Amino acid sequence: MKLIYILMLLTFSLGTVSAATNTNASSGNETLQGKVTDAKSGEALIGVNIYLPDLKRGASTDRDGNFHINNLPTIKTTIQVTYIGHESIVQQVDLKSQKSVEFKLEESNAKIGEVVVSGYTGSSLLKQTPTAMTFVSAKDLLQQSSSNIIDAIARQPGVAQITTGAGISKPVIRGLGYNRVVVVNNGVRQEGQQWGDEHGIEIDDQSVNSVEILKGPASLMYGSDGLAGVINFLPEPILPEGKIQSNIFSEYQTNNGLIHYSVNNAGNKDNFVWNIRYSDKFAHAYKNKYDGYVYNSGYQEHAFSGLLGINRSWGYSHLDLSYYHLTPGIVEGDRDETTGKFLKPVLVDGEEDEAIATNSDFKSYKHQMPYQQIYHYKAVSDNNFLIGKGNLKAIIGYQQNRRQEFEDVAAPDQYGLYFQLHTVNYDFRYTFPEINGYKVVAGINGMYQRSLNKGSEYLIPEYRLFDGGAFVMASRQFGKLNLSGGLRADTRRDHGYGLMAVDEDSGSDELVQKFEDFKRNFYGVSGSIGATYQISNAWDMKLNFSKGYRAPNMSELASNGAHEGTLRYEIGSSSLKSENSWQADWGLSYSSKVISGTVSLFANRINNYIFAHKLTDSQGNDILTDEKMTYEYASGDARILGGEISVDIHPVERLHFENTFSYVNSTQLNQPDSTKYLPMTPAPRFTSDLRYDLVRHGKCLNNTYVSLGLETDLKQDHVYSAYGTETATPAYTLLNMAFGTDFMKSGRRIATLVLTANNLTDKAYQNHLSRLRYADVNEVTGRQGVFNMGRSFGIKLQIPVDF
């Protein structure tokens with residue numbers, strides 16, 4: 001706790017210094033005002049969002065299309081203008097000299113719109129970032145049906161998900177997942193024991209406004225674990241000064257009876273800002289054509305979050321608090337040999353037994369046995385201080401993750417596994433004043449962790465970890481050429497604590513060595529250099545070279561145990577080395593009013609790539625430990641090639657035809673065919689969406705559309721087949737439909753309605769990254785594992801309430 005207090009004291013001290021320094025520097029009481037009109041009709045546009053992302057300040061236009069923002073510092077910054085159905089405008093504004101601006105918005109078409117994303121040296125245009133990146137807007141998230149926030153972005157090019165039923169999803173970027181993907185929420189990396197197969201992301205999807213997906217090594221910004229990329233979940237923008245707004249959201253899905261609702265209240269009064277939200281979600285078992293209802297696949301989710309802060313001319317200081325509670329069932333897939341129906345654990349005369357699951361079990365919103373209880377608490381202090389002509393960003397976060405597993409039907413409230421993880425995140429970076437066009441950022445960030453075992457069963461040892469890195473990043477624009485890059489040095493210290501425990505299988509009380517005490521130090525150097533070049537008004541090109549680094553996690557180093565969620569016994573290796581990657585990215589984009597497209601290609605070489613493989617005996621039979629298949633972590637050198645292609649055709653004003661293709665080829669070098677391909681590599685995927693805008697700029701209905709979508713996952717036979725570790729999956733195609741509209745009154749949106757139909761043909765399929773496909777064989781049908789969700793209809797309703 002001393003570290004927390006020291007960091008908090010340092011932050012508040014910096015705030016005091018910043019306020020004093022800015023009295024005669026970049027602080028001020030400037031006002032920016034302007035007007036926004038439609039470029040074609042010249043009419044004033046109502047409700048256009050004007051936002052200064054680096055300052056977290058904004059405004060919206062009134063009935064006459066006018067806006068104004070007060071109490072601004074005298075600096076140069078980025079301004080973003082967005083309005084549904086229109087192309088966004090992003091440009092630099094000098095608040096010292098510019099007091100008034102006017103914007104004329106063009107209606108949206110196939111042309112790639114301007115989007116502001118998080119760059120190396122601050123907010124940057126998406127087309128000027130040399131790394132491959134995808135931006136998912138609030139509109140994109142609202143217009144689709146999903147079971148969690150990872151599921152909501154899993155159809156993006158180059159992105160996939162490892163699933164354990166409908167409630168648990170783990171992100172995969174270009175074939176890499178687990179601790180190779182950094183998830184950022186509220187400015188800090190989410191730490192929830194993401195090494196586990198059945199450990200999802202503890203984030204309320206309604207608290208997410210938009211998503212940035214960086215595809216490629218991001219060790220330069222976040223150190224270890226950013227080998228595959230970063231998923232940055234962004235909150236709602238701060239409301240304009242003087243505005244108070246609530247949002248009411250509700251959703252229902254037919255397949256698993258999902259009921260979801262969320263309500264929030266946000267405001268900005270005298271530059272005191274807040275945003276309070278409560279969300280609830282619960283679902284019973286899902287069903288498909290082959291399995292019927294899948295026993296114990298339901299889940300419940302409760303979340304509360306709050307933001308409090310102040311915005312001033314010297315910067316801002318915000319405090320984010322959140323609570324997340326997930327109770328997912330654990331699908332084991334046990335079946336009756338005679339009927340093929342799912343079995344549930346029961347007590348018969350005080351003894352544990354099995355019985356066929358009933359319809360009331362399938363339709364129950366209460367958890368069945370076995371199940372998990374996951375709690376995640378988080379507090380983040382997010383601060384930005386203007387110091388002279390530069391600015392200091394200081395973020396301090398504390399997270400506590402509690403994960404419990406309950407598997408004993410005779411003692412349903414007694415947990416077996418209980419992990420408790422404490423994490424302190426810190427990130428301090430200073431943006432230097434721009435000198436001759438050069439933008440430079442330098443800083444330090446990292447984390448401290450303490451993990452405890454509080455249960456009667458053990459999978460990994462208790463451990464202590466300290467992680468830290470120092471970095472410098474720079475960018476410079478030379479006309480149509482934009483260069484950026486940086487260097488970083490990291491260190492990580494791990495201490496796994498030894499444990500003597502009773503061997504329950506021996507039948508005695510004798511203590512045996514469960515975990516050996518060990519210490520490991522890891523060091524890494526990361527870097528990146530890249531360029532973007534505007535070939536013409538329609539063509540842009542990107543090129544980037546990067547080096548990434550990842551230290552092995554505690555599961556890979558020292559796991560020695562099994563639990564219900566994994567269906568396997570895992571053994572770690574404390575001698576594993578750090579992974580190091582070298583990646584090259586190349587991208588080309590074309591944009592016009594009729595057609596736009598992008599091509600993103602990459603080549604990645606990873607030394608000491610770590611993975612788990614199944615152990616077998618000399619006859620090829622599975623080695624069982626605690627009645628579970630045994631897996632051991634090993635490493636080898638890997639090469640990953642692939643890319644994404646997207647094409648958006650806009651032949652007439654109201655019609656959009658969007659297509660994407662994603663491909664990854666992951667191989668282990670110098671290996672025979674059975675061990676040549678890396679496990680858990682997504683299948684090649686093609687998506688196609690045809691959308692027609694029925695109504696644009698209507699007085700009662702607006703942004704009304706209907707869409708038809710196809711998702712085709714091709715056959716994946718590039719598998720790690722040795723020892724039966726992985727099996728191939730056949731191709732399949734899913735048909736989806738959607739309809740949506742905004743309800744308008746006096747030029748303002750009063751509600752949004754979205755209707756969806758997923759897997760309309762009720763296709764029975766198994767995604768290659770579904771862990772449930774390795775469940776037991778159905779002796780009646782001969783099919784192995786559990787299949788994914790079948791047909792589902794959904795409805796969403798969002799109602800904004802302005803005060």
# chains A, B, ... in the order shown; residues from 1 in each chain; ligands from 1
>>> select_by_dssp(residues="region 83-300 of chain A", states="helix (DSSP H, G or I)", output="ChimeraX atom specification")
/A:126-128,138-142,149-153,178-180,205-207,219-222
>>> residues_around(residues="region 571-579 of chain A", least_positions_apart="5", cutoff="8 Å", atoms="only C-alpha atoms", output="PDB file with C-alpha atoms, in the first residue's frame")
ATOM      1  CA  PHE A 518      11.677 -19.397  -7.373  1.00  0.00           C
ATOM      2  CA  PHE A 522      13.299 -10.581 -17.302  1.00  0.00           C
ATOM      3  CA  TYR A 549       8.801  -8.342 -25.940  1.00  0.00           C
ATOM      4  CA  ARG A 550       6.769 -10.519 -23.549  1.00  0.00           C
ATOM      5  CA  ALA A 551       7.840 -12.134 -20.301  1.00  0.00           C
ATOM      6  CA  PRO A 552       6.209 -15.516 -19.550  1.00  0.00           C
ATOM      7  CA  SER A 555       0.821 -19.934 -15.360  1.00  0.00           C
ATOM      8  CA  GLU A 556       3.432 -20.698 -18.001  1.00  0.00           C
ATOM      9  CA  LEU A 557       6.250 -20.626 -15.443  1.00  0.00           C
ATOM     10  CA  ALA A 558       4.806 -22.545 -12.532  1.00  0.00           C
ATOM     11  CA  SER A 559       1.287 -23.953 -13.009  1.00  0.00           C
ATOM     12  CA  ASN A 560       0.722 -27.353 -11.409  1.00  0.00           C
ATOM     13  CA  GLY A 561      -2.944 -28.204 -11.100  1.00  0.00           C
ATOM     14  CA  ILE A 606       8.681 -14.638 -32.642  1.00  0.00           C
ATOM     15  CA  ASN A 607      11.568 -16.249 -30.796  1.00  0.00           C
ATOM     16  CA  ASN A 608      10.727 -18.512 -27.826  1.00  0.00           C
ATOM     17  CA  TYR A 609       7.000 -18.598 -28.601  1.00  0.00           C
ATOM     18  CA  ILE A 610       5.299 -20.264 -25.599  1.00  0.00           C
ATOM     19  CA  THR A 630      -2.294 -33.264 -19.002  1.00  0.00           C
ATOM     20  CA  TYR A 631      -0.775 -30.290 -20.823  1.00  0.00           C
ATOM     21  CA  GLU A 632       2.725 -28.876 -20.448  1.00  0.00           C
ATOM     22  CA  TYR A 633       4.111 -25.508 -21.531  1.00  0.00           C
ATOM     23  CA  ALA A 634       6.947 -25.479 -24.050  1.00  0.00           C
ATOM     24  CA  SER A 635       8.438 -22.989 -26.509  1.00  0.00           C
TER      25      SER A 635
END
>>> residues_around(residues="Lys547 (chain A)", least_positions_apart="4", cutoff="9 Å", atoms="only C-alpha atoms", output="tab-separated table (two decimals) with all heavy atoms, in the first residue's frame")
chain	number	residue	atom	x	y	z
A	217	PRO	N	2.83	-5.36	-32.56
A	217	PRO	CA	3.49	-5.17	-31.27
A	217	PRO	C	3.30	-3.76	-30.71
A	217	PRO	O	3.57	-2.77	-31.38
A	217	PRO	CB	4.96	-5.45	-31.59
A	217	PRO	CG	4.91	-6.37	-32.77
A	217	PRO	CD	3.74	-5.92	-33.58
A	218	ALA	N	2.83	-3.70	-29.47
A	218	ALA	CA	2.62	-2.41	-28.79
A	218	ALA	C	3.45	-2.34	-27.52
A	218	ALA	O	3.10	-1.62	-26.59
A	218	ALA	CB	1.13	-2.23	-28.48
A	219	SER	N	4.54	-3.11	-27.49
A	219	SER	CA	5.42	-3.10	-26.32
A	219	SER	C	5.99	-1.72	-26.09
A	219	SER	O	6.33	-1.36	-24.95
A	219	SER	CB	6.54	-4.12	-26.49
A	219	SER	OG	6.02	-5.41	-26.70
A	220	LEU	N	6.14	-0.91	-27.14
A	220	LEU	CA	6.68	0.43	-26.99
A	220	LEU	C	5.84	1.26	-26.03
A	220	LEU	O	6.38	2.04	-25.24
A	220	LEU	CB	6.76	1.11	-28.36
A	220	LEU	CG	7.23	2.57	-28.39
A	220	LEU	CD1	8.64	2.69	-27.82
A	220	LEU	CD2	7.19	3.12	-29.80
A	227	LEU	N	2.49	-7.93	-27.23
A	227	LEU	CA	3.13	-8.52	-28.40
A	227	LEU	C	2.21	-8.57	-29.62
A	227	LEU	O	2.64	-8.38	-30.75
A	227	LEU	CB	3.60	-9.93	-28.05
A	227	LEU	CG	4.81	-10.47	-28.81
A	227	LEU	CD1	6.05	-9.66	-28.51
A	227	LEU	CD2	5.04	-11.93	-28.44
A	525	VAL	N	13.98	-5.00	-24.61
A	525	VAL	CA	14.11	-3.74	-25.34
A	525	VAL	C	13.13	-3.77	-26.50
A	525	VAL	O	13.10	-4.74	-27.27
A	525	VAL	CB	15.54	-3.52	-25.86
A	525	VAL	CG1	15.61	-2.25	-26.70
A	525	VAL	CG2	16.52	-3.46	-24.70
A	526	SER	N	12.30	-2.74	-26.60
A	526	SER	CA	11.29	-2.66	-27.65
A	526	SER	C	11.52	-1.40	-28.46
A	526	SER	O	12.12	-0.43	-27.99
A	526	SER	CB	9.88	-2.64	-27.05
A	526	SER	OG	9.68	-3.72	-26.18
A	527	GLY	N	11.03	-1.42	-29.67
A	527	GLY	CA	11.17	-0.24	-30.52
A	527	GLY	C	10.24	-0.29	-31.70
A	527	GLY	O	9.67	-1.33	-32.04
A	528	SER	N	10.07	0.86	-32.31
A	528	SER	CA	9.20	0.94	-33.48
A	528	SER	C	9.62	2.15	-34.31
A	528	SER	O	9.99	3.19	-33.76
A	528	SER	CB	7.74	1.06	-33.06
A	528	SER	OG	6.89	1.19	-34.18
A	580	ASN	N	10.37	-12.75	-27.93
A	580	ASN	CA	10.80	-11.53	-28.63
A	580	ASN	C	10.31	-11.61	-30.07
A	580	ASN	O	10.46	-12.63	-30.74
A	580	ASN	CB	12.32	-11.40	-28.60
A	580	ASN	CG	12.85	-11.06	-27.23
A	580	ASN	OD1	12.85	-9.90	-26.83
A	580	ASN	ND2	13.31	-12.07	-26.49
A	581	SER	N	9.71	-10.53	-30.52
A	581	SER	CA	9.14	-10.54	-31.87
A	581	SER	C	9.73	-9.41	-32.71
A	581	SER	O	10.08	-8.34	-32.20
A	581	SER	CB	7.62	-10.39	-31.81
A	581	SER	OG	7.24	-9.07	-31.49
A	582	TRP	N	9.80	-9.69	-34.00
A	582	TRP	CA	10.17	-8.68	-35.00
A	582	TRP	C	9.05	-8.68	-36.04
A	582	TRP	O	8.77	-9.72	-36.64
A	582	TRP	CB	11.50	-9.03	-35.66
A	582	TRP	CG	12.65	-9.05	-34.70
A	582	TRP	CD1	13.05	-10.09	-33.91
A	582	TRP	CD2	13.55	-7.98	-34.41
A	582	TRP	NE1	14.15	-9.74	-33.15
A	582	TRP	CE2	14.47	-8.44	-33.44
A	582	TRP	CE3	13.67	-6.67	-34.88
A	582	TRP	CZ2	15.49	-7.66	-32.93
A	582	TRP	CZ3	14.70	-5.88	-34.38
A	582	TRP	CH2	15.59	-6.36	-33.42
A	583	GLN	N	8.43	-7.55	-36.25
A	583	GLN	CA	7.28	-7.51	-37.16
A	583	GLN	C	7.41	-6.35	-38.15
A	583	GLN	O	7.82	-5.25	-37.80
A	583	GLN	CB	5.97	-7.38	-36.40
A	583	GLN	CG	4.74	-7.31	-37.30
A	583	GLN	CD	3.46	-7.64	-36.58
A	583	GLN	OE1	3.41	-8.53	-35.75
A	583	GLN	NE2	2.39	-6.91	-36.90
>>> residues_around(residues="Leu326 (chain A)", least_positions_apart="2", cutoff="9 Å", atoms="only C-alpha atoms", output="count of residues only")
14
>>> residues_around(residues="Asn702 (chain A)", least_positions_apart="2", cutoff="8 Å", atoms="only C-alpha atoms", output="list of chain:residue names")
A:Val695, A:Arg696, A:His697, A:Gly698, A:Lys699, A:Cys700, A:Thr704, A:Thr741, A:Asp742, A:Phe743, A:Met744
>>> residues_around(residues="Val172 (chain A)", least_positions_apart="3", cutoff="7 Å", atoms="only C-alpha atoms", output="PDB file with N, CA and C atoms, in the first residue's frame")
ATOM      1  N   VAL A 159      -9.396  -9.664 -36.000  1.00  0.00           N
ATOM      2  CA  VAL A 159      -9.745  -9.892 -34.601  1.00  0.00           C
ATOM      3  C   VAL A 159     -10.595 -11.154 -34.505  1.00  0.00           C
ATOM      4  N   ALA A 160     -10.389 -11.946 -33.459  1.00  0.00           N
ATOM      5  CA  ALA A 160     -11.186 -13.138 -33.197  1.00  0.00           C
ATOM      6  C   ALA A 160     -11.348 -13.267 -31.689  1.00  0.00           C
ATOM      7  N   GLN A 161     -12.024 -14.340 -31.243  1.00  0.00           N
ATOM      8  CA  GLN A 161     -12.232 -14.537 -29.820  1.00  0.00           C
ATOM      9  C   GLN A 161     -12.147 -16.023 -29.473  1.00  0.00           C
ATOM     10  N   GLY A 175      -4.058 -13.895 -34.656  1.00  0.00           N
ATOM     11  CA  GLY A 175      -3.646 -15.222 -34.229  1.00  0.00           C
ATOM     12  C   GLY A 175      -3.012 -15.298 -32.862  1.00  0.00           C
ATOM     13  N   LEU A 176      -2.865 -14.185 -32.150  1.00  0.00           N
ATOM     14  CA  LEU A 176      -2.233 -14.170 -30.837  1.00  0.00           C
ATOM     15  C   LEU A 176      -3.228 -13.688 -29.789  1.00  0.00           C
ATOM     16  N   GLY A 177      -3.264 -14.373 -28.636  1.00  0.00           N
ATOM     17  CA  GLY A 177      -4.202 -14.011 -27.583  1.00  0.00           C
ATOM     18  C   GLY A 177      -3.575 -14.130 -26.211  1.00  0.00           C
TER      19      GLY A 177
END
>>> select_by_dssp(residues="region 252-500 of chain A", states="strand (DSSP E or B)", output="JSON, numbers by chain")
{"A": [252, 253, 258, 259, 260, 261, 262, 263, 264, 265, 266, 267, 268, 269, 272, 273, 274, 275, 276, 277, 278, 279, 280, 281, 282, 283, 287, 288, 292, 293, 299, 300, 301, 302, 303, 304, 305, 306, 307, 308, 309, 310, 311, 312, 315, 316, 317, 318, 319, 320, 321, 322, 323, 324, 325, 326, 327, 328, 329, 335, 342, 343, 344, 345, 346, 347, 348, 351, 352, 353, 354, 355, 356, 371, 372, 373, 374, 375, 376, 377, 378, 379, 380, 381, 382, 383, 384, 385, 386, 387, 390, 391, 392, 393, 394, 395, 396, 397, 398, 399, 400, 401, 402, 403, 404, 405, 406, 418, 419, 420, 421, 422, 423, 424, 425, 426, 427, 428, 429, 430, 431, 435, 438, 439, 440, 441, 442, 443, 444, 445, 446, 447, 448, 449, 450, 451, 452, 453, 463, 464, 465, 466, 467, 468, 469, 470, 471, 472, 473, 474, 475, 476, 477, 478, 481, 482, 483, 484, 485, 486, 487, 488, 489, 490, 491, 492, 493, 494, 495, 496, 499, 500]}
>>> residues_around(residues="Tyr497 (chain A)", least_positions_apart="6", cutoff="9 Å", atoms="only C-alpha atoms", output="list in words")
Pro461, Glu462, Tyr463, Arg464, Phe515, Glu516, Asp517, Phe518 and Lys519 of chain A
>>> closest_residue(among="A:Leu499, A:Val294, A:Val472, A:Ile435", to="Lys363 (chain A)", atoms="only C-alpha atoms")
A:Val294
>>> closest_residue(among="A:Ile356, A:Leu321, A:Val183, A:Leu624", to="Thr338 (chain A)", atoms="only C-alpha atoms")
A:Ile356
>>> decode(residues="region 755-784 of chain A", atoms="N, CA, C and O atoms", output="short mmCIF file (atom, residue, chain, number, x, y, z; two decimals), in the first residue's frame")
data_model
loop_
_atom_site.label_atom_id
_atom_site.label_comp_id
_atom_site.auth_asym_id
_atom_site.auth_seq_id
_atom_site.Cartn_x
_atom_site.Cartn_y
_atom_site.Cartn_z
N LEU A 755 -33.12 -3.84 -34.34
CA LEU A 755 -33.60 -5.22 -34.39
C LEU A 755 -32.55 -6.06 -35.12
O LEU A 755 -32.04 -5.66 -36.17
N THR A 756 -32.20 -7.22 -34.56
CA THR A 756 -31.17 -8.07 -35.16
C THR A 756 -31.66 -9.51 -35.27
O THR A 756 -32.52 -9.96 -34.50
N ALA A 757 -31.09 -10.22 -36.24
CA ALA A 757 -31.31 -11.66 -36.40
C ALA A 757 -29.97 -12.30 -36.72
O ALA A 757 -29.43 -12.10 -37.81
N ASN A 758 -29.42 -13.05 -35.77
CA ASN A 758 -28.12 -13.69 -35.95
C ASN A 758 -28.30 -15.17 -36.26
O ASN A 758 -29.18 -15.83 -35.69
N ASN A 759 -27.44 -15.69 -37.15
CA ASN A 759 -27.51 -17.09 -37.55
C ASN A 759 -28.94 -17.44 -37.98
O ASN A 759 -29.58 -18.36 -37.44
N LEU A 760 -29.42 -16.71 -38.95
CA LEU A 760 -30.82 -16.80 -39.35
C LEU A 760 -31.21 -18.19 -39.83
O LEU A 760 -32.37 -18.61 -39.67
N THR A 761 -30.30 -18.93 -40.42
CA THR A 761 -30.60 -20.27 -40.91
C THR A 761 -30.42 -21.35 -39.84
O THR A 761 -30.58 -22.53 -40.13
N ASP A 762 -30.10 -20.95 -38.61
CA ASP A 762 -29.90 -21.87 -37.49
C ASP A 762 -28.81 -22.91 -37.82
O ASP A 762 -28.96 -24.10 -37.55
N LYS A 763 -27.71 -22.44 -38.37
CA LYS A 763 -26.59 -23.31 -38.73
C LYS A 763 -25.94 -23.89 -37.47
O LYS A 763 -25.64 -23.16 -36.52
N ALA A 764 -25.72 -25.21 -37.47
CA ALA A 764 -24.97 -25.85 -36.38
C ALA A 764 -23.50 -25.82 -36.75
O ALA A 764 -23.11 -26.34 -37.80
N TYR A 765 -22.66 -25.23 -35.91
CA TYR A 765 -21.24 -25.07 -36.24
C TYR A 765 -20.42 -25.00 -34.97
O TYR A 765 -20.93 -24.76 -33.87
N GLN A 766 -19.13 -25.23 -35.13
CA GLN A 766 -18.16 -25.05 -34.05
C GLN A 766 -17.06 -24.12 -34.55
O GLN A 766 -16.35 -24.45 -35.49
N ASN A 767 -16.95 -22.96 -33.91
CA ASN A 767 -15.85 -22.06 -34.24
C ASN A 767 -14.53 -22.69 -33.83
O ASN A 767 -14.46 -23.38 -32.81
N HIS A 768 -13.50 -22.46 -34.63
CA HIS A 768 -12.21 -23.11 -34.36
C HIS A 768 -11.64 -22.71 -33.00
O HIS A 768 -10.86 -23.48 -32.41
N LEU A 769 -11.99 -21.54 -32.49
CA LEU A 769 -11.45 -21.08 -31.21
C LEU A 769 -12.41 -21.31 -30.05
O LEU A 769 -12.22 -20.75 -28.97
N SER A 770 -13.43 -22.13 -30.26
CA SER A 770 -14.33 -22.49 -29.16
C SER A 770 -13.71 -23.63 -28.36
O SER A 770 -13.43 -24.71 -28.89
N ARG A 771 -13.52 -23.41 -27.08
CA ARG A 771 -12.93 -24.44 -26.23
C ARG A 771 -13.91 -25.59 -25.96
O ARG A 771 -13.49 -26.70 -25.61
N LEU A 772 -15.20 -25.34 -26.14
CA LEU A 772 -16.19 -26.37 -25.85
C LEU A 772 -16.23 -27.47 -26.91
O LEU A 772 -16.85 -28.51 -26.70
N ARG A 773 -15.55 -27.27 -28.03
CA ARG A 773 -15.58 -28.32 -29.05
C ARG A 773 -14.72 -29.52 -28.65
O ARG A 773 -14.76 -30.56 -29.32
N TYR A 774 -13.96 -29.39 -27.56
CA TYR A 774 -13.15 -30.51 -27.07
C TYR A 774 -13.81 -31.25 -25.91
O TYR A 774 -13.17 -32.09 -25.27
N ALA A 775 -15.07 -30.93 -25.62
CA ALA A 775 -15.80 -31.67 -24.60
C ALA A 775 -16.05 -33.10 -25.08
O ALA A 775 -15.75 -33.46 -26.23
N ASP A 776 -16.62 -33.94 -24.22
CA ASP A 776 -16.78 -35.36 -24.52
C ASP A 776 -17.63 -35.61 -25.76
O ASP A 776 -18.48 -34.80 -26.15
N VAL A 777 -17.43 -36.79 -26.35
CA VAL A 777 -18.19 -37.21 -27.52
C VAL A 777 -19.60 -37.59 -27.11
O VAL A 777 -19.83 -38.23 -26.07
N ASN A 778 -20.58 -37.19 -27.92
CA ASN A 778 -21.96 -37.64 -27.75
C ASN A 778 -22.05 -39.03 -28.34
O ASN A 778 -21.99 -39.21 -29.56
N GLU A 779 -22.18 -40.05 -27.50
CA GLU A 779 -22.16 -41.43 -27.95
C GLU A 779 -23.34 -41.77 -28.85
O GLU A 779 -23.28 -42.74 -29.62
N VAL A 780 -24.41 -41.00 -28.78
CA VAL A 780 -25.59 -41.28 -29.60
C VAL A 780 -25.39 -40.76 -31.02
O VAL A 780 -25.71 -41.44 -32.01
N THR A 781 -24.84 -39.55 -31.17
CA THR A 781 -24.67 -38.95 -32.50
C THR A 781 -23.26 -39.13 -33.05
O THR A 781 -23.04 -38.98 -34.26
N GLY A 782 -22.30 -39.41 -32.19
CA GLY A 782 -20.92 -39.53 -32.62
C GLY A 782 -20.21 -38.20 -32.76
O GLY A 782 -19.04 -38.15 -33.15
N ARG A 783 -20.89 -37.11 -32.46
CA ARG A 783 -20.27 -35.78 -32.56
C ARG A 783 -19.51 -35.45 -31.28
O ARG A 783 -20.00 -35.68 -30.17
N GLN A 784 -18.33 -34.85 -31.44
CA GLN A 784 -17.56 -34.46 -30.27
C GLN A 784 -17.82 -33.00 -29.93
O GLN A 784 -17.96 -32.15 -30.80
#
